[in-house]
There are 2 protein chains.
Amino acid sequence: MKIGILASWRGTNAKAIFDHVKLGVLRGVEPAVLIYSDQEAPVRKIAEAYGVEAVYVQHRGVARSRREQEMAEVLKRYGVDLVVLAGYDYILGVPFIEQFRWRILNIHPSLLPFAGGKGMHGVRVHMEVYKAGVKTSGPTVHLVDESVDGGPIVDQWPVYIGDIYSLDIPYDQKLSILADRVLIYEHRLYSRVLQAVADGLLEVRTERVKAPRVAEEGGRVRYVEEEVEVARAVLKAGEGWMRQWRERQRVYVEHQLREWRESGKPMHLICPHGCLD
Amino acid sequence: MKIGILASWRGTNAKAIFDHVKLGVLRGVEPAVLIYSDQEAPVRKIAEAYGVEAVYVQHRGVARSRREQEMAEVLKRYGVDLVVLAGYDYILGVPFIEQFRWRILNIHPSLLPFAGGKGMHGVRVHMEVYKAGVKTSGPTVHLVDESVDGGPIVDQWPVYIGDIYSLDIPYDQKLSILADRVLIYEHRLYSRVLQAVADGLLEVRTERVKAPRVAEEGGRVRYVEEEVEVARAVLKAGEGWMRQWRERQRVYVEHQLREWRESGKPMHLICPHGCLD
């Protein structure tokens with residue numbers, strides 16, 4: 001399965017995918033091309049270091065339709081089966097989404113639908129999480145549709161963050177610990193999903209379900225149930241598959257820990273409740 | 001620590017607390033009284049079977065202020081330190097909340113703030129969860145304030161539910177499996193929190209944080225950050241405490257599994273990904 005990665009700046013998720021491939025953890029997934037939107041983006045050098053072709057598509061001052069047409073041409077030229085958004089800072093337009101219907105993945109650093117939607121990107125997501133005081137956050141991988149952060153959820157990874165509130169450090173540092181901790185699991189979740197897709201385990205189907213709705217009429221609140229149609233991403237990875245993945249993933253986790261140690265970053269970024277393993 | 005439980009009907013959470021106390025898992029917590037709101041409620045018999053005093057307070061056709069005054073008198077007569085809502089179907093009024101400020105706990109069957117708020121109780125919560133297609137749900141224990149489901153979050157327990165969507169059974173059965181699976185963890189979470197409170201590990205403090213807000217002005221969306229004050233529940237249970245609790249909790253889990261087997265209910269209600277342990 002050939003994947004094309006869209007990235008805007010740092011590219012930590014792209015790097016994690018490259019690492020998984022290089023270490024042999026991720027199998028049958030070939031990063032064919034990386035498209036970046038800013039000439040100065042560090043992600044370009046990351047791709048080059050891993051021998052992945054990096055193609056620049058200008059975004060600044062260019063109409064969305066034009067840049068997306070250019071991106072689509074690049075992706076097709078490289079024979080891409082799946083489009084992987086990895087810190088791509090732009091909202092995709094309808095024509096692009098239609099061309100790659102149910103073949104675009106995105107990762108979001110909260111348990112969607114909470115802390116998702118318009119304006120919810122980067123540190124704002126973690127601000128919303130912190131404000132709510134939730135004890136569990138974590139990344140979501142979802143299929144991209146016309147909504148913002150609202151496409152079918154493919155997988156989520158809950159991460160314990162309850163200890164961060166009581167740390168005796170400034171707010172900005174807490175946010176950065178929160179972001180870093182979720183990021184560790186973004187890397188692991190994204191690759192797990194990519195492996196499952198490569199193994200043919202992702203199915204998209206629509207389903208009609210009864211859902212609750214709060215209706216306000218003339219100042220009076222009524223609770224009604226209505227039937228809605230939802231698109232559903234089903235990952236048919238059973239317990240056996242998960243066990244195998246966890247065993248392989250161990251190689252990546254060790255690699256990640258080694259990198260952490262060498263970076264000299266404080267280890268409290270790693271979950272204190274043993275959830276890294 | 002003497003607790004007073006408010007319940008409306010089934011009382012499965014009350015039963016779990018009684019079981020924890022009876023098995024010696026929950027220590028230093030004494031269920032002093034159970035107040036029920038419906039004369040026919042099965043929860044009354046549960047309390048009596050465990051030797052806990054059950055007091056009926058009429059809700060039907062009685063003004064909120066009157067019934068809550070009656071409840072407050074009962075709770076004080078029994079020397080209750082903490083009020084525990086366990087399937088209590090009514091929204092508490094301000095005078096009652098003020099009398100027991102930060103001494104009222106509630107449990108909600110989703111990862112709040114998602115699927116919380118007005119109208120979100122019982123099966124509606126799980127309908128909302130199912131509609132969104134989230135792969136992770138789970139109970140939240142929070143302190144009760146004047147908002148609906150919006151008080152400071154004390155603790156949460158993420159539960160994997162991603163397999164339920166692909167089961168080949170009717171929607172209603174899926175909802176019931178979802179509800180039952182979360183319920184297992186409600187029982188375990190609530191007791192963990194009660195033990196922590198009894199051990200003096202719960203602290204409530206206020207904090208000023210920067211939070212994101214989407215502002216719409218004249219059709220144009222702006223993203224702003226504003227400072228807000230939030231009340232924060234901090235549970236200072238460290239890794240050593242958690243390890244001890246998990247060891248003790250094992251007794252309850254075995255008890256619960258024994259009850260499941262004897263009930264003859266299908267075992268797919270238990271999480272297929274080993275998350276019961």
# chains A, B, ... in the order shown; residues from 1 in each chain; ligands from 1

$ residues_around --residues "segment 79-95 of chain B" --least-positions-apart "4" --cutoff "9 Å" --atoms "only C-alpha atoms" --output "number ranges by chain"
B: 1-14, 31-33, 36-37, 64-65, 68-69, 74-75, 99-100, 102-108, 121-122, 144-146, 148

$ residues_around --residues "Tyr165 of chain B" --least-positions-apart "4" --cutoff "9 Å" --atoms "only C-alpha atoms" --output "ChimeraX atom specification"
/A:232-234 /B:130,133,161,174

$ write_last_selection --atoms "C-alpha atoms" --output "PDB file, in the first residue's frame"
ATOM      1  CA  ARG A 232     -19.056   4.112  10.260  1.00  0.00           C
ATOM      2  CA  ALA A 233     -15.415   3.086  10.096  1.00  0.00           C
ATOM      3  CA  VAL A 234     -15.046  -0.498  11.275  1.00  0.00           C
TER       4      VAL A 234
ATOM      5  CA  TYR B 130     -22.898   5.082  19.466  1.00  0.00           C
ATOM      6  CA  GLY B 133     -18.811   6.029  16.612  1.00  0.00           C
ATOM      7  CA  ILE B 161     -16.001  -0.326  22.790  1.00  0.00           C
ATOM      8  CA  LYS B 174     -25.676  -3.247  20.894  1.00  0.00           C
TER       9      LYS B 174
END

$ atom_distance --atom1 "atom CA of Arg213 of chain A" --atom2 "atom CA of Phe114 of chain B"
14.0 Å

$ residues_around --residues "segment 187-202 of chain A" --least-positions-apart "5" --cutoff "9 Å" --atoms "only C-alpha atoms" --output "PDB file with N, CA and C atoms, in the first residue's frame"
ATOM      1  N   MET A   1       0.841  -1.203   0.000  1.00  0.00           N
ATOM      2  CA  MET A   1       0.000   0.000   0.000  1.00  0.00           C
ATOM      3  C   MET A   1       0.876   1.252   0.000  1.00  0.00           C
ATOM      4  N   THR A  12       6.423  15.383  13.092  1.00  0.00           N
ATOM      5  CA  THR A  12       6.767  14.302  14.024  1.00  0.00           C
ATOM      6  C   THR A  12       5.985  13.033  13.697  1.00  0.00           C
ATOM      7  N   ASN A  13       4.740  13.190  13.252  1.00  0.00           N
ATOM      8  CA  ASN A  13       3.974  11.995  12.899  1.00  0.00           C
ATOM      9  C   ASN A  13       4.534  11.334  11.642  1.00  0.00           C
ATOM     10  N   ALA A  14       4.990  12.139  10.686  1.00  0.00           N
ATOM     11  CA  ALA A  14       5.629  11.572   9.495  1.00  0.00           C
ATOM     12  C   ALA A  14       6.878  10.798   9.899  1.00  0.00           C
ATOM     13  N   LYS A  15       7.688  11.395  10.767  1.00  0.00           N
ATOM     14  CA  LYS A  15       8.910  10.732  11.231  1.00  0.00           C
ATOM     15  C   LYS A  15       8.597   9.384  11.901  1.00  0.00           C
ATOM     16  N   ALA A  16       7.532   9.374  12.703  1.00  0.00           N
ATOM     17  CA  ALA A  16       7.154   8.128  13.382  1.00  0.00           C
ATOM     18  C   ALA A  16       6.787   7.046  12.368  1.00  0.00           C
ATOM     19  N   ILE A  17       6.091   7.452  11.310  1.00  0.00           N
ATOM     20  CA  ILE A  17       5.725   6.467  10.267  1.00  0.00           C
ATOM     21  C   ILE A  17       6.986   5.950   9.581  1.00  0.00           C
ATOM     22  N   HIS A  20       8.705   3.511  11.874  1.00  0.00           N
ATOM     23  CA  HIS A  20       8.018   2.216  11.897  1.00  0.00           C
ATOM     24  C   HIS A  20       8.380   1.380  10.670  1.00  0.00           C
ATOM     25  N   VAL A  25       8.544  -2.589  11.676  1.00  0.00           N
ATOM     26  CA  VAL A  25       7.334  -2.783  12.490  1.00  0.00           C
ATOM     27  C   VAL A  25       6.095  -2.681  11.600  1.00  0.00           C
ATOM     28  N   LEU A  26       6.109  -1.683  10.727  1.00  0.00           N
ATOM     29  CA  LEU A  26       5.015  -1.437   9.779  1.00  0.00           C
ATOM     30  C   LEU A  26       5.378  -2.159   8.480  1.00  0.00           C
ATOM     31  N   ARG A  27       4.514  -3.101   8.067  1.00  0.00           N
ATOM     32  CA  ARG A  27       4.843  -3.930   6.901  1.00  0.00           C
ATOM     33  C   ARG A  27       3.799  -3.796   5.803  1.00  0.00           C
ATOM     34  N   GLY A  28       4.260  -3.714   4.583  1.00  0.00           N
ATOM     35  CA  GLY A  28       3.329  -3.574   3.458  1.00  0.00           C
ATOM     36  C   GLY A  28       2.860  -2.141   3.292  1.00  0.00           C
ATOM     37  N   VAL A  29       3.523  -1.214   3.961  1.00  0.00           N
ATOM     38  CA  VAL A  29       3.195   0.215   3.832  1.00  0.00           C
ATOM     39  C   VAL A  29       4.424   0.931   3.278  1.00  0.00           C
ATOM     40  N   ASN A 106      -6.791  11.320   8.986  1.00  0.00           N
ATOM     41  CA  ASN A 106      -6.245  12.446   9.753  1.00  0.00           C
ATOM     42  C   ASN A 106      -6.075  12.008  11.204  1.00  0.00           C
ATOM     43  N   ILE A 107      -5.140  12.646  11.897  1.00  0.00           N
ATOM     44  CA  ILE A 107      -4.999  12.364  13.331  1.00  0.00           C
ATOM     45  C   ILE A 107      -5.266  13.652  14.092  1.00  0.00           C
ATOM     46  N   PRO A 139      -5.164  10.470  21.336  1.00  0.00           N
ATOM     47  CA  PRO A 139      -5.386  10.756  19.922  1.00  0.00           C
ATOM     48  C   PRO A 139      -6.536   9.971  19.299  1.00  0.00           C
ATOM     49  N   THR A 140      -7.066  10.545  18.223  1.00  0.00           N
ATOM     50  CA  THR A 140      -8.097   9.922  17.394  1.00  0.00           C
ATOM     51  C   THR A 140      -7.618   9.907  15.948  1.00  0.00           C
ATOM     52  N   VAL A 141      -7.707   8.775  15.291  1.00  0.00           N
ATOM     53  CA  VAL A 141      -7.509   8.737  13.837  1.00  0.00           C
ATOM     54  C   VAL A 141      -8.881   8.609  13.197  1.00  0.00           C
ATOM     55  N   VAL A 154     -11.775   6.026  13.186  1.00  0.00           N
ATOM     56  CA  VAL A 154     -11.185   4.719  12.893  1.00  0.00           C
ATOM     57  C   VAL A 154     -10.657   4.078  14.171  1.00  0.00           C
ATOM     58  N   ASP A 155      -9.948   4.848  14.969  1.00  0.00           N
ATOM     59  CA  ASP A 155      -9.409   4.303  16.216  1.00  0.00           C
ATOM     60  C   ASP A 155      -9.015   5.423  17.168  1.00  0.00           C
ATOM     61  N   GLN A 156      -8.964   5.088  18.451  1.00  0.00           N
ATOM     62  CA  GLN A 156      -8.597   6.059  19.496  1.00  0.00           C
ATOM     63  C   GLN A 156      -7.710   5.381  20.516  1.00  0.00           C
ATOM     64  N   TRP A 157      -6.883   6.170  21.176  1.00  0.00           N
ATOM     65  CA  TRP A 157      -5.990   5.601  22.198  1.00  0.00           C
ATOM     66  C   TRP A 157      -6.100   6.459  23.462  1.00  0.00           C
ATOM     67  N   VAL A 182       0.396  13.063  24.742  1.00  0.00           N
ATOM     68  CA  VAL A 182      -0.551  12.564  23.731  1.00  0.00           C
ATOM     69  C   VAL A 182       0.195  12.226  22.439  1.00  0.00           C
ATOM     70  N   ALA A 233     -16.674   3.754  10.424  1.00  0.00           N
ATOM     71  CA  ALA A 233     -15.415   3.086  10.096  1.00  0.00           C
ATOM     72  C   ALA A 233     -15.259   1.892  11.024  1.00  0.00           C
ATOM     73  N   VAL A 234     -15.199   0.704  10.464  1.00  0.00           N
ATOM     74  CA  VAL A 234     -15.046  -0.498  11.275  1.00  0.00           C
ATOM     75  C   VAL A 234     -13.679  -1.113  11.010  1.00  0.00           C
ATOM     76  N   LEU A 235     -12.908  -1.248  12.064  1.00  0.00           N
ATOM     77  CA  LEU A 235     -11.584  -1.872  11.970  1.00  0.00           C
ATOM     78  C   LEU A 235     -11.708  -3.290  12.485  1.00  0.00           C
ATOM     79  N   LYS A 236     -11.618  -4.257  11.608  1.00  0.00           N
ATOM     80  CA  LYS A 236     -11.851  -5.633  12.035  1.00  0.00           C
ATOM     81  C   LYS A 236     -10.563  -6.334  12.480  1.00  0.00           C
ATOM     82  N   ALA A 237      -9.842  -5.676  13.359  1.00  0.00           N
ATOM     83  CA  ALA A 237      -8.613  -6.278  13.893  1.00  0.00           C
ATOM     84  C   ALA A 237      -8.953  -7.012  15.178  1.00  0.00           C
ATOM     85  N   TRP A 241      -4.651 -10.369  16.082  1.00  0.00           N
ATOM     86  CA  TRP A 241      -3.970  -9.326  15.309  1.00  0.00           C
ATOM     87  C   TRP A 241      -3.359  -8.299  16.255  1.00  0.00           C
ATOM     88  N   MET A 242      -4.163  -7.893  17.270  1.00  0.00           N
ATOM     89  CA  MET A 242      -3.704  -6.883  18.230  1.00  0.00           C
ATOM     90  C   MET A 242      -2.478  -7.378  18.993  1.00  0.00           C
ATOM     91  N   TRP A 245       0.506  -7.186  16.796  1.00  0.00           N
ATOM     92  CA  TRP A 245       0.909  -5.795  16.608  1.00  0.00           C
ATOM     93  C   TRP A 245       1.657  -5.273  17.827  1.00  0.00           C
ATOM     94  N   GLN A 249       5.281  -3.786  17.858  1.00  0.00           N
ATOM     95  CA  GLN A 249       5.361  -2.385  18.268  1.00  0.00           C
ATOM     96  C   GLN A 249       6.448  -2.173  19.326  1.00  0.00           C
ATOM     97  N   TYR A 252       9.482  -0.522  18.230  1.00  0.00           N
ATOM     98  CA  TYR A 252       9.377   0.924  18.052  1.00  0.00           C
ATOM     99  C   TYR A 252       9.423   1.658  19.392  1.00  0.00           C
ATOM    100  N   VAL A 253       8.753   1.075  20.393  1.00  0.00           N
ATOM    101  CA  VAL A 253       8.728   1.704  21.717  1.00  0.00           C
ATOM    102  C   VAL A 253      10.149   1.811  22.271  1.00  0.00           C
TER     103      VAL A 253
END

$ interface_residues --of "chain A" --to "chain B" --cutoff "9 Å" --atoms "only C-alpha atoms" --output "JSON, numbers by chain"
{"A": [111, 112, 113, 114, 118, 119, 120, 124, 125, 127, 128, 130, 131, 132, 133, 134, 135, 136, 140, 150, 152, 153, 154, 155, 156, 157, 158, 159, 160, 162, 163, 165, 166, 171, 209, 210, 211, 212, 213, 214, 221, 222, 223, 225, 228, 229, 230, 231, 232, 233, 234, 235, 236, 237, 238, 239, 242, 272, 273]}

$ select_by_dssp --residues "segment 8-242 of chain A" --states "strand (DSSP E)" --output "NGL selection string"
:A and (30-36 or 54-56 or 82-85 or 104-108 or 136-137 or 140-143 or 153-156 or 159-160 or 202-217 or 220-235)

$ residues_around --residues "segment 256-258 of chain B" --least-positions-apart "2" --cutoff "10 Å" --atoms "only C-alpha atoms" --output "ChimeraX atom specification"
/B:16,19,184,187,250-254,260-263,267,270,276

$ write_last_selection --atoms "C-alpha atoms" --output "CSV table (one decimal), in the first residue's frame"
chain,number,residue,atom,x,y,z
B,16,ALA,CA,-21.3,-2.5,44.0
B,19,ASP,CA,-20.1,-5.4,47.9
B,184,ILE,CA,-18.8,-2.9,35.0
B,187,HIS,CA,-18.7,-0.1,39.8
B,250,ARG,CA,-8.9,-8.1,42.4
B,251,VAL,CA,-11.1,-9.6,45.2
B,252,TYR,CA,-14.1,-7.6,43.9
B,253,VAL,CA,-13.4,-8.4,40.3
B,254,GLU,CA,-13.4,-12.2,41.1
B,260,TRP,CA,-21.7,-13.0,36.0
B,261,ARG,CA,-21.2,-16.7,35.6
B,262,GLU,CA,-24.0,-17.5,38.0
B,263,SER,CA,-26.4,-15.1,36.3
B,267,MET,CA,-19.9,-13.4,28.5
B,270,ILE,CA,-17.0,-8.6,29.3
B,276,LEU,CA,-11.4,-6.2,32.8

$ select_by_dssp --residues "segment 6-196 of chain A" --states "helix (DSSP H, G or I)" --output "count of residues only"
78

$ closest_residue --among "B:Gln173, B:Leu34, B:Met71, B:Ala41" --to "Ala54 of chain B" --atoms "only C-alpha atoms"
B:Leu34

$ decode --residues "segment 65-86 of chain A" --atoms "N, CA, C and O atoms" --output "compact mmCIF listing (two decimals), in the first residue's frame"
# COMPACT_ATOMS: atom_id res chain seq x y z
N SER A 65 -8.41 25.61 -4.43
CA SER A 65 -8.70 24.68 -5.52
C SER A 65 -7.44 24.40 -6.34
O SER A 65 -7.19 23.27 -6.75
N ARG A 66 -6.62 25.44 -6.55
CA ARG A 66 -5.43 25.25 -7.38
C ARG A 66 -4.39 24.39 -6.69
O ARG A 66 -3.83 23.46 -7.27
N ARG A 67 -4.12 24.69 -5.41
CA ARG A 67 -3.08 23.91 -4.72
C ARG A 67 -3.53 22.46 -4.53
O ARG A 67 -2.72 21.54 -4.58
N GLU A 68 -4.84 22.28 -4.32
CA GLU A 68 -5.32 20.91 -4.10
C GLU A 68 -5.30 20.11 -5.40
O GLU A 68 -5.09 18.90 -5.39
N GLN A 69 -5.52 20.80 -6.52
CA GLN A 69 -5.42 20.12 -7.81
C GLN A 69 -3.97 19.65 -8.03
O GLN A 69 -3.72 18.53 -8.47
N GLU A 70 -3.06 20.54 -7.67
CA GLU A 70 -1.65 20.21 -7.81
C GLU A 70 -1.28 19.01 -6.92
O GLU A 70 -0.58 18.09 -7.36
N MET A 71 -1.78 19.04 -5.67
CA MET A 71 -1.50 17.93 -4.75
C MET A 71 -2.07 16.62 -5.30
O MET A 71 -1.41 15.58 -5.25
N ALA A 72 -3.29 16.67 -5.82
CA ALA A 72 -3.93 15.46 -6.35
C ALA A 72 -3.11 14.89 -7.49
O ALA A 72 -2.92 13.66 -7.60
N GLU A 73 -2.57 15.78 -8.34
CA GLU A 73 -1.75 15.30 -9.46
C GLU A 73 -0.48 14.61 -8.96
O GLU A 73 -0.10 13.55 -9.47
N VAL A 74 0.15 15.21 -7.95
CA VAL A 74 1.36 14.60 -7.38
C VAL A 74 1.02 13.22 -6.80
O VAL A 74 1.72 12.23 -7.07
N LEU A 75 -0.06 13.16 -6.02
CA LEU A 75 -0.44 11.90 -5.36
C LEU A 75 -0.71 10.81 -6.39
O LEU A 75 -0.35 9.64 -6.20
N LYS A 76 -1.35 11.20 -7.49
CA LYS A 76 -1.65 10.20 -8.54
C LYS A 76 -0.39 9.78 -9.28
O LYS A 76 -0.23 8.61 -9.63
N ARG A 77 0.50 10.73 -9.49
CA ARG A 77 1.76 10.42 -10.18
C ARG A 77 2.55 9.37 -9.39
O ARG A 77 3.18 8.50 -9.97
N TYR A 78 2.46 9.45 -8.07
CA TYR A 78 3.20 8.50 -7.23
C TYR A 78 2.38 7.24 -6.92
O TYR A 78 2.77 6.43 -6.10
N GLY A 79 1.21 7.15 -7.52
CA GLY A 79 0.40 5.94 -7.33
C GLY A 79 -0.07 5.71 -5.91
O GLY A 79 -0.15 4.58 -5.42
N VAL A 80 -0.42 6.80 -5.21
CA VAL A 80 -0.80 6.74 -3.80
C VAL A 80 -2.18 6.09 -3.59
O VAL A 80 -3.14 6.45 -4.27
N ASP A 81 -2.26 5.12 -2.68
CA ASP A 81 -3.53 4.46 -2.35
C ASP A 81 -4.25 5.17 -1.21
O ASP A 81 -5.47 5.11 -1.10
N LEU A 82 -3.46 5.78 -0.33
CA LEU A 82 -4.03 6.36 0.88
C LEU A 82 -3.33 7.68 1.19
O LEU A 82 -2.10 7.76 1.13
N VAL A 83 -4.13 8.71 1.51
CA VAL A 83 -3.57 10.02 1.85
C VAL A 83 -3.54 10.15 3.38
O VAL A 83 -4.56 9.94 4.04
N VAL A 84 -2.38 10.48 3.91
CA VAL A 84 -2.21 10.53 5.36
C VAL A 84 -1.87 11.96 5.79
O VAL A 84 -0.81 12.48 5.45
N LEU A 85 -2.82 12.60 6.50
CA LEU A 85 -2.55 13.95 7.00
C LEU A 85 -1.76 13.85 8.31
O LEU A 85 -2.20 13.18 9.25
N ALA A 86 -0.62 14.50 8.33
CA ALA A 86 0.23 14.42 9.53
C ALA A 86 0.66 15.83 9.89
O ALA A 86 1.70 16.31 9.48
